[in-house]
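Structure file structure-v8.tsv (TSV, C-alpha atoms) follows.
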chain	number	residue	atom	x	y	z
P	1	MET	CA	-50.99	134.15	168.68
P	2	ALA	CA	-50.08	135.35	165.20
P	3	TRP	CA	-51.71	138.51	163.85
P	4	LYS	CA	-54.23	138.49	161.04
P	5	PHE	CA	-53.22	140.11	157.77
P	6	ASP	CA	-55.15	141.26	154.70
P	7	PRO	CA	-54.19	139.11	151.73
P	8	GLU	CA	-53.88	141.90	149.19
P	9	ARG	CA	-51.23	144.13	150.78
P	10	PRO	CA	-47.61	143.70	151.89
P	11	ILE	CA	-47.30	142.38	155.41
P	12	TYR	CA	-44.67	144.91	156.53
P	13	LEU	CA	-47.06	147.78	155.70
P	14	GLN	CA	-49.82	146.23	157.77
P	15	ILE	CA	-47.49	145.83	160.74
P	16	SER	CA	-46.27	149.42	160.57
P	17	GLU	CA	-49.84	150.68	160.22
P	18	ARG	CA	-50.85	148.74	163.30
P	19	LEU	CA	-47.94	150.07	165.36
P	20	THR	CA	-48.43	153.58	164.00
P	21	ALA	CA	-52.02	153.43	165.29
P	22	GLU	CA	-50.64	152.76	168.77
P	23	ILE	CA	-48.59	155.96	168.57
P	24	VAL	CA	-51.12	158.21	166.84
P	25	SER	CA	-53.81	157.18	169.33
P	26	GLY	CA	-51.49	157.98	172.22
P	27	ARG	CA	-51.49	154.44	173.61
P	28	TRP	CA	-47.73	154.50	173.06
P	29	PRO	CA	-46.68	157.94	174.31
P	30	ALA	CA	-43.38	159.60	173.42
P	31	GLY	CA	-40.42	157.73	174.85
P	32	THR	CA	-42.13	154.32	174.87
P	33	LYS	CA	-39.69	151.51	174.09
P	34	VAL	CA	-40.97	149.52	171.12
P	35	PRO	CA	-40.52	145.74	170.84
P	36	THR	CA	-37.30	144.41	169.35
P	37	VAL	CA	-37.39	142.97	165.84
P	38	ARG	CA	-37.23	139.47	167.25
P	39	ASP	CA	-40.03	139.96	169.78
P	40	LEU	CA	-42.19	141.69	167.21
P	41	ALA	CA	-41.59	138.89	164.68
P	42	LEU	CA	-42.54	136.22	167.22
P	43	ASP	CA	-45.56	138.12	168.47
P	44	ALA	CA	-46.90	138.79	164.98
P	45	GLY	CA	-45.84	135.37	163.68
P	46	VAL	CA	-43.92	136.93	160.80
P	47	ASN	CA	-40.49	136.76	159.24
P	48	PRO	CA	-37.94	138.76	161.26
P	49	ASN	CA	-36.85	140.63	158.12
P	50	THR	CA	-40.47	141.68	157.59
P	51	ALA	CA	-40.65	142.98	161.17
P	52	GLN	CA	-37.33	144.77	160.62
P	53	ARG	CA	-38.67	146.45	157.50
P	54	ALA	CA	-41.84	147.58	159.30
P	55	LEU	CA	-39.80	149.22	162.07
P	56	SER	CA	-37.33	150.79	159.62
P	57	GLU	CA	-40.19	152.38	157.67
P	58	MET	CA	-41.60	153.83	160.89
P	59	GLU	CA	-38.21	155.19	161.77
P	60	ARG	CA	-37.92	156.74	158.31
P	61	ASP	CA	-41.39	158.27	158.73
P	62	GLY	CA	-40.26	159.88	161.96
P	63	TYR	CA	-42.34	157.91	164.46
P	64	LEU	CA	-39.44	156.03	165.98
P	65	GLU	CA	-35.87	156.83	166.83
P	66	THR	CA	-32.97	154.50	167.58
P	67	ARG	CA	-30.94	155.07	170.72
P	68	ARG	CA	-27.59	153.55	170.12
P	69	GLY	CA	-27.28	150.13	171.73
P	70	ASP	CA	-30.66	150.49	173.37
P	71	GLY	CA	-33.24	149.76	170.70
P	72	ARG	CA	-36.03	151.82	169.26
P	73	TYR	CA	-38.27	154.31	171.04
P	74	VAL	CA	-41.31	156.37	170.10
P	75	THR	CA	-39.85	159.71	169.12
P	76	GLU	CA	-39.68	162.42	171.82
P	77	ARG	CA	-40.26	165.08	169.20
P	78	ASP	CA	-43.94	165.67	169.82
P	79	SER	CA	-44.30	168.05	166.85
P	80	GLU	CA	-43.21	165.18	164.61
P	81	VAL	CA	-45.90	162.90	166.01
P	82	GLN	CA	-48.50	165.64	165.62
P	83	ARG	CA	-47.44	166.22	162.03
P	84	GLN	CA	-47.64	162.48	161.37
P	85	ARG	CA	-51.07	162.32	163.00
P	86	ARG	CA	-52.40	165.00	160.67
P	87	GLU	CA	-50.78	163.33	157.69
P	88	THR	CA	-52.33	159.97	158.60
P	89	LEU	CA	-55.77	161.58	158.87
P	90	ALA	CA	-55.33	163.33	155.52
P	91	ARG	CA	-54.03	160.22	153.77
P	92	ARG	CA	-56.68	157.83	155.09
P	93	SER	CA	-59.45	160.35	154.39
P	94	ALA	CA	-58.22	160.72	150.82
P	95	THR	CA	-58.30	156.94	150.42
P	96	PHE	CA	-61.81	156.74	151.84
P	97	VAL	CA	-63.11	159.59	149.68
P	98	GLY	CA	-61.48	158.08	146.60
P	99	ASP	CA	-63.05	154.67	147.28
P	100	MET	CA	-66.50	156.17	147.83
P	101	LYS	CA	-66.30	158.29	144.68
P	102	ALA	CA	-65.28	155.21	142.73
P	103	LEU	CA	-68.51	153.64	144.00
P	104	GLY	CA	-70.43	156.61	142.58
P	105	PHE	CA	-71.32	158.49	145.77
P	106	SER	CA	-71.65	162.27	145.61
P	107	ASP	CA	-69.70	164.67	147.84
P	108	ALA	CA	-72.87	165.42	149.77
P	109	GLU	CA	-73.60	161.75	150.35
P	110	ILE	CA	-70.06	161.10	151.55
P	111	LEU	CA	-70.15	164.05	153.93
P	112	GLU	CA	-73.52	162.98	155.25
P	113	ALA	CA	-72.32	159.41	155.79
P	114	ALA	CA	-69.22	160.65	157.61
P	115	GLU	CA	-71.37	162.77	159.91
P	116	PHE	CA	-73.65	159.84	160.63
P	117	ALA	CA	-70.70	157.62	161.33
P	118	LEU	CA	-69.24	160.20	163.70
P	119	LYS	CA	-72.46	160.31	165.67
P	120	GLY	CA	-72.22	156.54	166.00
P	121	ASP	CA	-75.45	156.23	164.06
P	122	THR	CA	-75.28	153.25	161.72
P	123	SER	CA	-78.95	152.99	160.75
P	124	HIS	CA	-78.69	155.71	158.06
P	125	GLU	CA	-82.37	155.61	157.13
Q	126	MET	CA	-17.34	134.93	151.43
Q	127	SER	CA	-20.39	134.85	149.27
Q	128	ASP	CA	-23.71	135.74	150.83
Q	129	LEU	CA	-25.36	132.83	149.04
Q	130	ILE	CA	-26.06	129.71	151.06
Q	131	LEU	CA	-27.47	127.82	148.09
Q	132	GLU	CA	-26.72	128.06	144.41
Q	133	THR	CA	-27.79	125.81	141.55
Q	134	ARG	CA	-26.98	126.02	137.83
Q	135	ALA	CA	-28.96	124.00	135.31
Q	136	LEU	CA	-29.58	121.43	138.01
Q	137	SER	CA	-31.48	118.40	136.74
Q	138	LYS	CA	-32.58	115.07	138.12
Q	139	ARG	CA	-33.89	112.16	136.10
Q	140	TYR	CA	-34.98	108.98	137.90
Q	141	GLN	CA	-35.50	107.00	134.71
Q	142	LYS	CA	-34.04	107.18	131.22
Q	143	VAL	CA	-37.50	107.58	129.71
Q	144	GLY	CA	-40.23	110.01	130.66
Q	145	ALA	CA	-40.13	113.48	132.16
Q	146	PRO	CA	-37.28	114.47	134.48
Q	147	ALA	CA	-38.16	115.18	138.14
Q	148	LEU	CA	-36.21	118.46	137.96
Q	149	TRP	CA	-35.07	120.26	134.85
Q	150	ASN	CA	-32.57	123.12	134.43
Q	151	VAL	CA	-33.11	124.64	137.84
Q	152	ASP	CA	-31.22	127.92	138.43
Q	153	LEU	CA	-31.53	129.10	142.00
Q	154	GLU	CA	-29.83	131.54	144.31
Q	155	VAL	CA	-30.79	131.64	147.98
Q	156	ARG	CA	-29.22	134.25	150.23
Q	157	LYS	CA	-28.16	133.69	153.82
Q	158	GLY	CA	-30.52	134.71	156.59
Q	159	ARG	CA	-33.79	134.17	154.73
Q	160	ILE	CA	-36.85	132.03	155.33
Q	161	VAL	CA	-37.81	130.69	151.93
Q	162	GLY	CA	-40.94	128.82	150.90
Q	163	LEU	CA	-40.55	126.10	148.29
Q	164	LEU	CA	-44.01	125.89	146.83
Q	165	GLY	CA	-45.53	123.69	144.19
Q	166	PRO	CA	-48.23	121.09	143.66
Q	167	ASN	CA	-47.65	117.43	144.37
Q	168	GLY	CA	-45.07	115.95	142.04
Q	169	SER	CA	-43.48	119.29	141.12
Q	170	GLY	CA	-40.04	118.27	142.39
Q	171	LYS	CA	-39.91	119.84	145.87
Q	172	THR	CA	-38.75	116.73	147.70
Q	173	THR	CA	-36.30	115.83	144.92
Q	174	LEU	CA	-34.67	119.26	145.19
Q	175	ILE	CA	-34.50	119.08	148.99
Q	176	LYS	CA	-33.01	115.59	148.93
Q	177	MET	CA	-30.29	116.68	146.51
Q	178	ILE	CA	-29.42	119.64	148.76
Q	179	ALA	CA	-29.36	117.27	151.75
Q	180	GLY	CA	-26.92	115.08	149.82
Q	181	LEU	CA	-29.26	112.08	149.68
Q	182	LEU	CA	-29.71	112.12	145.93
Q	183	THR	CA	-27.10	112.74	143.25
Q	184	PRO	CA	-27.94	115.25	140.52
Q	185	THR	CA	-28.13	113.83	136.99
Q	186	SER	CA	-26.54	117.00	135.64
Q	187	GLY	CA	-25.88	120.61	136.56
Q	188	GLU	CA	-24.23	122.24	139.50
Q	189	LEU	CA	-25.30	122.46	143.15
Q	190	LEU	CA	-23.35	124.46	145.73
Q	191	ILE	CA	-24.11	124.75	149.44
Q	192	ASP	CA	-22.17	127.61	151.01
Q	193	GLY	CA	-19.91	127.40	147.96
Q	194	LYS	CA	-19.24	123.66	148.23
Q	195	ALA	CA	-20.55	120.60	146.41
Q	196	PRO	CA	-22.70	118.28	148.56
Q	197	GLY	CA	-20.60	116.04	150.80
Q	198	THR	CA	-19.49	115.56	154.38
Q	199	GLU	CA	-18.71	119.25	154.83
Q	200	THR	CA	-22.09	120.44	153.61
Q	201	LYS	CA	-23.97	117.78	155.59
Q	202	ALA	CA	-22.37	119.21	158.72
Q	203	ILE	CA	-24.11	122.55	158.11
Q	204	VAL	CA	-27.41	121.26	156.70
Q	205	SER	CA	-30.20	120.19	159.05
Q	206	TYR	CA	-32.80	118.16	157.20
Q	207	LEU	CA	-36.34	117.36	158.30
Q	208	PRO	CA	-37.70	114.60	156.02
Q	209	ASP	CA	-41.37	114.44	155.08
Q	210	HIS	CA	-41.77	111.06	156.77
Q	211	ASN	CA	-41.34	109.76	160.32
Q	212	PHE	CA	-37.65	109.05	161.01
Q	213	LEU	CA	-37.87	108.30	164.74
Q	214	THR	CA	-36.67	104.95	166.04
Q	215	GLY	CA	-39.73	103.65	167.86
Q	216	TRP	CA	-38.10	101.77	170.72
Q	217	MET	CA	-35.99	104.77	171.74
Q	218	THR	CA	-37.31	107.14	174.38
Q	219	VAL	CA	-37.50	110.90	173.79
Q	220	GLU	CA	-34.34	111.29	175.84
Q	221	ASP	CA	-32.49	108.49	173.95
Q	222	THR	CA	-33.42	110.21	170.70
Q	223	ILE	CA	-32.10	113.58	171.88
Q	224	ASN	CA	-28.85	112.01	173.13
Q	225	TYR	CA	-28.44	110.09	169.89
Q	226	HIS	CA	-28.71	113.30	167.88
Q	227	ALA	CA	-26.39	115.10	170.28
Q	228	ASP	CA	-23.77	112.36	169.70
Q	229	PHE	CA	-24.27	112.48	165.97
Q	230	PHE	CA	-24.15	116.20	165.21
Q	231	ALA	CA	-21.40	118.46	166.51
Q	232	ASP	CA	-23.69	121.51	166.27
Q	233	PHE	CA	-26.56	119.87	168.20
Q	234	ARG	CA	-27.64	121.94	171.22
Q	235	ARG	CA	-28.89	119.41	173.76
Q	236	ASP	CA	-29.96	122.15	176.20
Q	237	ARG	CA	-32.14	123.73	173.52
Q	238	ALA	CA	-33.78	120.39	172.66
Q	239	LEU	CA	-34.47	119.61	176.34
Q	240	ASP	CA	-35.88	123.09	176.89
Q	241	MET	CA	-38.24	122.76	173.92
Q	242	THR	CA	-39.41	119.25	174.80
Q	243	GLY	CA	-39.93	120.40	178.39
Q	244	ARG	CA	-42.06	123.36	177.38
Q	245	LEU	CA	-44.08	121.05	175.17
Q	246	GLY	CA	-44.72	118.72	178.10
Q	247	LEU	CA	-43.12	115.69	176.42
Q	248	ASP	CA	-42.11	112.94	178.85
Q	249	LEU	CA	-38.42	112.16	178.29
Q	250	ARG	CA	-38.96	108.50	179.30
Q	251	GLN	CA	-41.71	107.88	176.77
Q	252	LYS	CA	-40.91	105.66	173.78
Q	253	THR	CA	-41.26	107.65	170.58
Q	254	LYS	CA	-43.53	105.05	168.93
Q	255	THR	CA	-46.15	105.73	171.62
Q	256	LEU	CA	-46.23	109.49	170.97
Q	257	SER	CA	-49.20	110.91	169.08
Q	258	LYS	CA	-48.60	111.79	165.44
Q	259	GLY	CA	-48.62	115.50	166.32
Q	260	ASN	CA	-46.08	115.02	169.10
Q	261	GLN	CA	-43.87	112.87	166.86
Q	262	GLU	CA	-43.83	115.67	164.29
Q	263	LYS	CA	-43.08	118.25	166.98
Q	264	LEU	CA	-40.20	116.14	168.33
Q	265	GLU	CA	-38.78	115.73	164.82
Q	266	LEU	CA	-38.92	119.47	164.26
Q	267	ILE	CA	-37.27	120.09	167.65
Q	268	LEU	CA	-34.44	117.72	166.68
Q	269	CYS	CA	-33.98	119.52	163.39
Q	270	MET	CA	-34.11	123.05	164.85
Q	271	SER	CA	-31.86	122.20	167.82
Q	272	ARG	CA	-28.85	122.18	165.55
Q	273	ASP	CA	-26.91	125.39	164.93
Q	274	ALA	CA	-27.09	124.77	161.21
Q	275	GLY	CA	-26.47	127.16	158.34
Q	276	LEU	CA	-29.30	125.73	156.28
Q	277	TYR	CA	-32.46	124.07	157.56
Q	278	LEU	CA	-34.38	121.97	155.05
Q	279	LEU	CA	-37.94	121.37	156.20
Q	280	ASP	CA	-39.91	119.07	153.91
Q	281	GLU	CA	-43.62	119.51	154.60
Q	282	PRO	CA	-43.21	120.32	158.29
Q	283	ILE	CA	-46.86	121.22	158.85
Q	284	ALA	CA	-48.73	118.68	156.76
Q	285	GLY	CA	-51.05	116.45	158.73
Q	286	VAL	CA	-51.07	118.40	162.01
Q	287	ASP	CA	-53.85	120.48	163.57
Q	288	PRO	CA	-53.85	124.30	163.32
Q	289	ALA	CA	-52.62	124.78	166.91
Q	290	THR	CA	-49.68	122.47	166.22
Q	291	ARG	CA	-49.00	124.38	163.00
Q	292	ASP	CA	-48.75	127.59	165.02
Q	293	TYR	CA	-46.40	125.87	167.46
Q	294	ILE	CA	-44.20	124.65	164.61
Q	295	LEU	CA	-44.04	128.08	162.96
Q	296	GLN	CA	-43.22	129.73	166.28
Q	297	THR	CA	-40.45	127.17	166.82
Q	298	ILE	CA	-39.00	127.91	163.39
Q	299	LEU	CA	-39.18	131.69	163.92
Q	300	SER	CA	-37.68	131.59	167.40
Q	301	ASN	CA	-34.76	129.31	166.51
Q	302	TYR	CA	-33.80	130.92	163.26
Q	303	THR	CA	-30.95	133.43	163.39
Q	304	GLU	CA	-29.74	135.92	160.83
Q	305	ASN	CA	-26.89	133.59	159.87
Q	306	SER	CA	-29.13	130.69	159.08
Q	307	THR	CA	-31.44	130.03	156.18
Q	308	VAL	CA	-34.65	128.02	156.31
Q	309	LEU	CA	-36.09	126.35	153.22
Q	310	ILE	CA	-39.64	125.11	153.83
Q	311	SER	CA	-41.50	123.04	151.28
Q	312	THR	CA	-45.24	123.03	151.65
Q	313	HIS	CA	-48.53	123.26	149.85
Q	314	LEU	CA	-50.27	124.82	152.88
Q	315	ILE	CA	-49.19	128.29	151.83
Q	316	ALA	CA	-51.66	130.43	153.76
Q	317	ASP	CA	-50.41	129.00	157.05
Q	318	VAL	CA	-46.74	129.77	156.48
Q	319	GLU	CA	-46.98	132.88	154.30
Q	320	PRO	CA	-46.38	135.53	157.01
Q	321	ALA	CA	-43.28	133.65	158.16
Q	322	LEU	CA	-41.74	133.60	154.69
Q	323	GLU	CA	-39.60	136.25	153.09
Q	324	ASP	CA	-39.05	134.65	149.68
Q	325	VAL	CA	-40.96	132.08	147.71
Q	326	ILE	CA	-39.97	129.72	144.92
Q	327	PHE	CA	-42.71	128.25	142.74
Q	328	LEU	CA	-41.94	124.88	141.18
Q	329	ARG	CA	-44.00	123.37	138.39
Q	330	GLU	CA	-43.30	120.07	136.70
Q	331	GLY	CA	-39.68	120.18	137.79
Q	332	ARG	CA	-39.00	123.75	136.65
Q	333	ILE	CA	-38.73	127.05	138.46
Q	334	LEU	CA	-41.76	129.11	137.60
Q	335	LEU	CA	-40.99	132.08	139.81
Q	336	GLN	CA	-38.67	133.28	142.54
Q	337	SER	CA	-39.80	136.42	144.38
Q	338	THR	CA	-40.29	138.00	147.76
Q	339	VAL	CA	-43.68	137.62	149.44
Q	340	ASP	CA	-44.14	141.39	149.70
Q	341	ASP	CA	-43.29	141.88	146.00
Q	342	ILE	CA	-46.05	139.46	145.02
Q	343	ARG	CA	-48.49	141.23	147.33
Q	344	GLU	CA	-47.46	144.62	145.99
Q	345	LYS	CA	-47.46	143.75	142.28
Q	346	GLU	CA	-50.33	141.29	142.15
Q	347	GLY	CA	-52.45	142.80	144.90
Q	348	LYS	CA	-53.08	139.37	146.34
Q	349	SER	CA	-51.56	136.98	148.81
Q	350	VAL	CA	-49.05	134.35	147.71
Q	351	ASP	CA	-51.70	131.76	148.52
Q	352	GLU	CA	-54.23	133.38	146.15
Q	353	TYR	CA	-51.57	133.95	143.50
Q	354	PHE	CA	-50.50	130.31	143.73
Q	355	ARG	CA	-54.08	129.15	143.21
Q	356	GLU	CA	-54.33	131.34	140.14
Q	357	VAL	CA	-51.01	130.23	138.62
Q	358	PHE	CA	-51.66	126.55	139.25
Q	359	LYS	CA	-55.32	126.53	138.29
Q	360	TRP	CA	-56.30	123.39	136.37
Please re-express this file's structure in structure tokens.
Amino acid sequence: MAWKFDPERPIYLQISERLTAEIVSGRWPAGTKVPTVRDLALDAGVNPNTAQRALSEMERDGYLETRRGDGRYVTERDSEVQRQRRETLARRSATFVGDMKALGFSDAEILEAAEFALKGDTSHE
Amino acid sequence: MSDLILETRALSKRYQKVGAPALWNVDLEVRKGRIVGLLGPNGSGKTTLIKMIAGLLTPTSGELLIDGKAPGTETKAIVSYLPDHNFLTGWMTVEDTINYHADFFADFRRDRALDMTGRLGLDLRQKTKTLSKGNQEKLELILCMSRDAGLYLLDEPIAGVDPATRDYILQTILSNYTENSTVLISTHLIADVEPALEDVIFLREGRILLQSTVDDIREKEGKSVDEYFREVFKW
């Protein structure tokens, strides 16, 4: 079954984000073989060149490495993954904070909401 | 060798001496190895363009090159065309139809066609006129994609079929396409095919309005090709 994509952003970015989440979360540990371009394209229901671009970007970002003649693997360099994890957290947090400020929330309100969310409390009353 | 599979220069088609031309001054370049959406409202010239590339219509003026050659026997050998209407011969069985195509086209891969019809659960002994509309369309697509063609022309391959069949058709296109082949798909059901496309061409009233990659439109416009199309073609 084809994946669902947000309409407003490039598809290759959404694929690489989804695969990056597998690595950052540890579901794909170092040394995991990642799907080939063709398998990924079929699985996601996307153009093979789009799948290729998603994997190339992840390779450029240091998540994946190519072993000659044997496809792509999650990088064995754990420090690289850790660095990428921290970067992902920093980047997504910046996006979130920026969005919330644009909606007029104060720093205190944002912090409070984040704490509530972390506790799994959604009532916020 | 050029990396263009399709090239047109000031290509025009006029069906009648009076009135608006069906296509006017179309300049196009399509690279090998791409899946391209040919998008436009009804009457914008999609089928006219596809039929000229297939060699079924003669241009009124302008130039049209397929893999560097003018349309003719040589280009027909590398172009696999799926018309927008039923082309099956009703009294033939599924197997007859596959054999007929295998006899007709040197690049037809009978094993691939049999494999795909088998996986679909089509009975080889069934006459094609007794197949459901969805299965007829699937068989037609299988026949088209079973050729090792350089350019596949799919005219409205997903119109009039249910969403599950649409998914099947898109999967079939994606799994049979290779990096040496190009697929040109005309459709107005953009949302369904958008993830499978790399490039899109917008046609309006016989002219090219835009040629771009899907991701460029998403990046620049911040919206899907489907949403962008609705905006551009708003009445």
> Could you list, as a PyMOL selection string, every residue of chain Q that has an atom within 10 Å of an atom of chain P, counting all atoms listed in the file?
Replying inline: chain Q and resi 158-161+289+292-293+295-300+302-304+316+318-324+339-352
> Do you know which residues are at most 9 Å from Q:Thr214 counting only C-alpha atoms, after dropping those on the same chain fewer than 5 positions away, and could you put them as JSON, numbers by chain?
Replying inline: {"Q": [222, 252, 253, 254]}
> Contacts of P:Leu111 at 12 Å or less, counting all atoms listed in the file, minus same-chain residues fewer than 5 places along, as a PyMOL selection string?
Replying inline: chain P and resi 93+96-97+100-101+105-106+116-118
Save out the residues we just selected, C-alpha atoms, as a PDB file, in the frame of the given file.
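Below is the file out_11.pdb, written as the result:
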ATOM      1  CA  SER P  93     -59.450 160.350 154.390  1.00  0.00           C
ATOM      2  CA  PHE P  96     -61.810 156.740 151.840  1.00  0.00           C
ATOM      3  CA  VAL P  97     -63.110 159.590 149.680  1.00  0.00           C
ATOM      4  CA  MET P 100     -66.500 156.170 147.830  1.00  0.00           C
ATOM      5  CA  LYS P 101     -66.300 158.290 144.680  1.00  0.00           C
ATOM      6  CA  PHE P 105     -71.320 158.490 145.770  1.00  0.00           C
ATOM      7  CA  SER P 106     -71.650 162.270 145.610  1.00  0.00           C
ATOM      8  CA  PHE P 116     -73.650 159.840 160.630  1.00  0.00           C
ATOM      9  CA  ALA P 117     -70.700 157.620 161.330  1.00  0.00           C
ATOM     10  CA  LEU P 118     -69.240 160.200 163.700  1.00  0.00           C
TER      11      LEU P 118
END
>> Using all atoms listed in the file, list the residues that have an atom at most 9 Å from (-22.7, 123.9, 141.4), coordinates as in the file, as an MDAnalysis selection string.
In response: chainID Q and resid 132:136 187:191 193:195
>> Which residues are near Q:Val204? Cut-off 7 Å, all atoms listed in the file, ignore same chain within fewer than 5 positions. Put them as number ranges by chain.
In response: Q: 179, 274-277
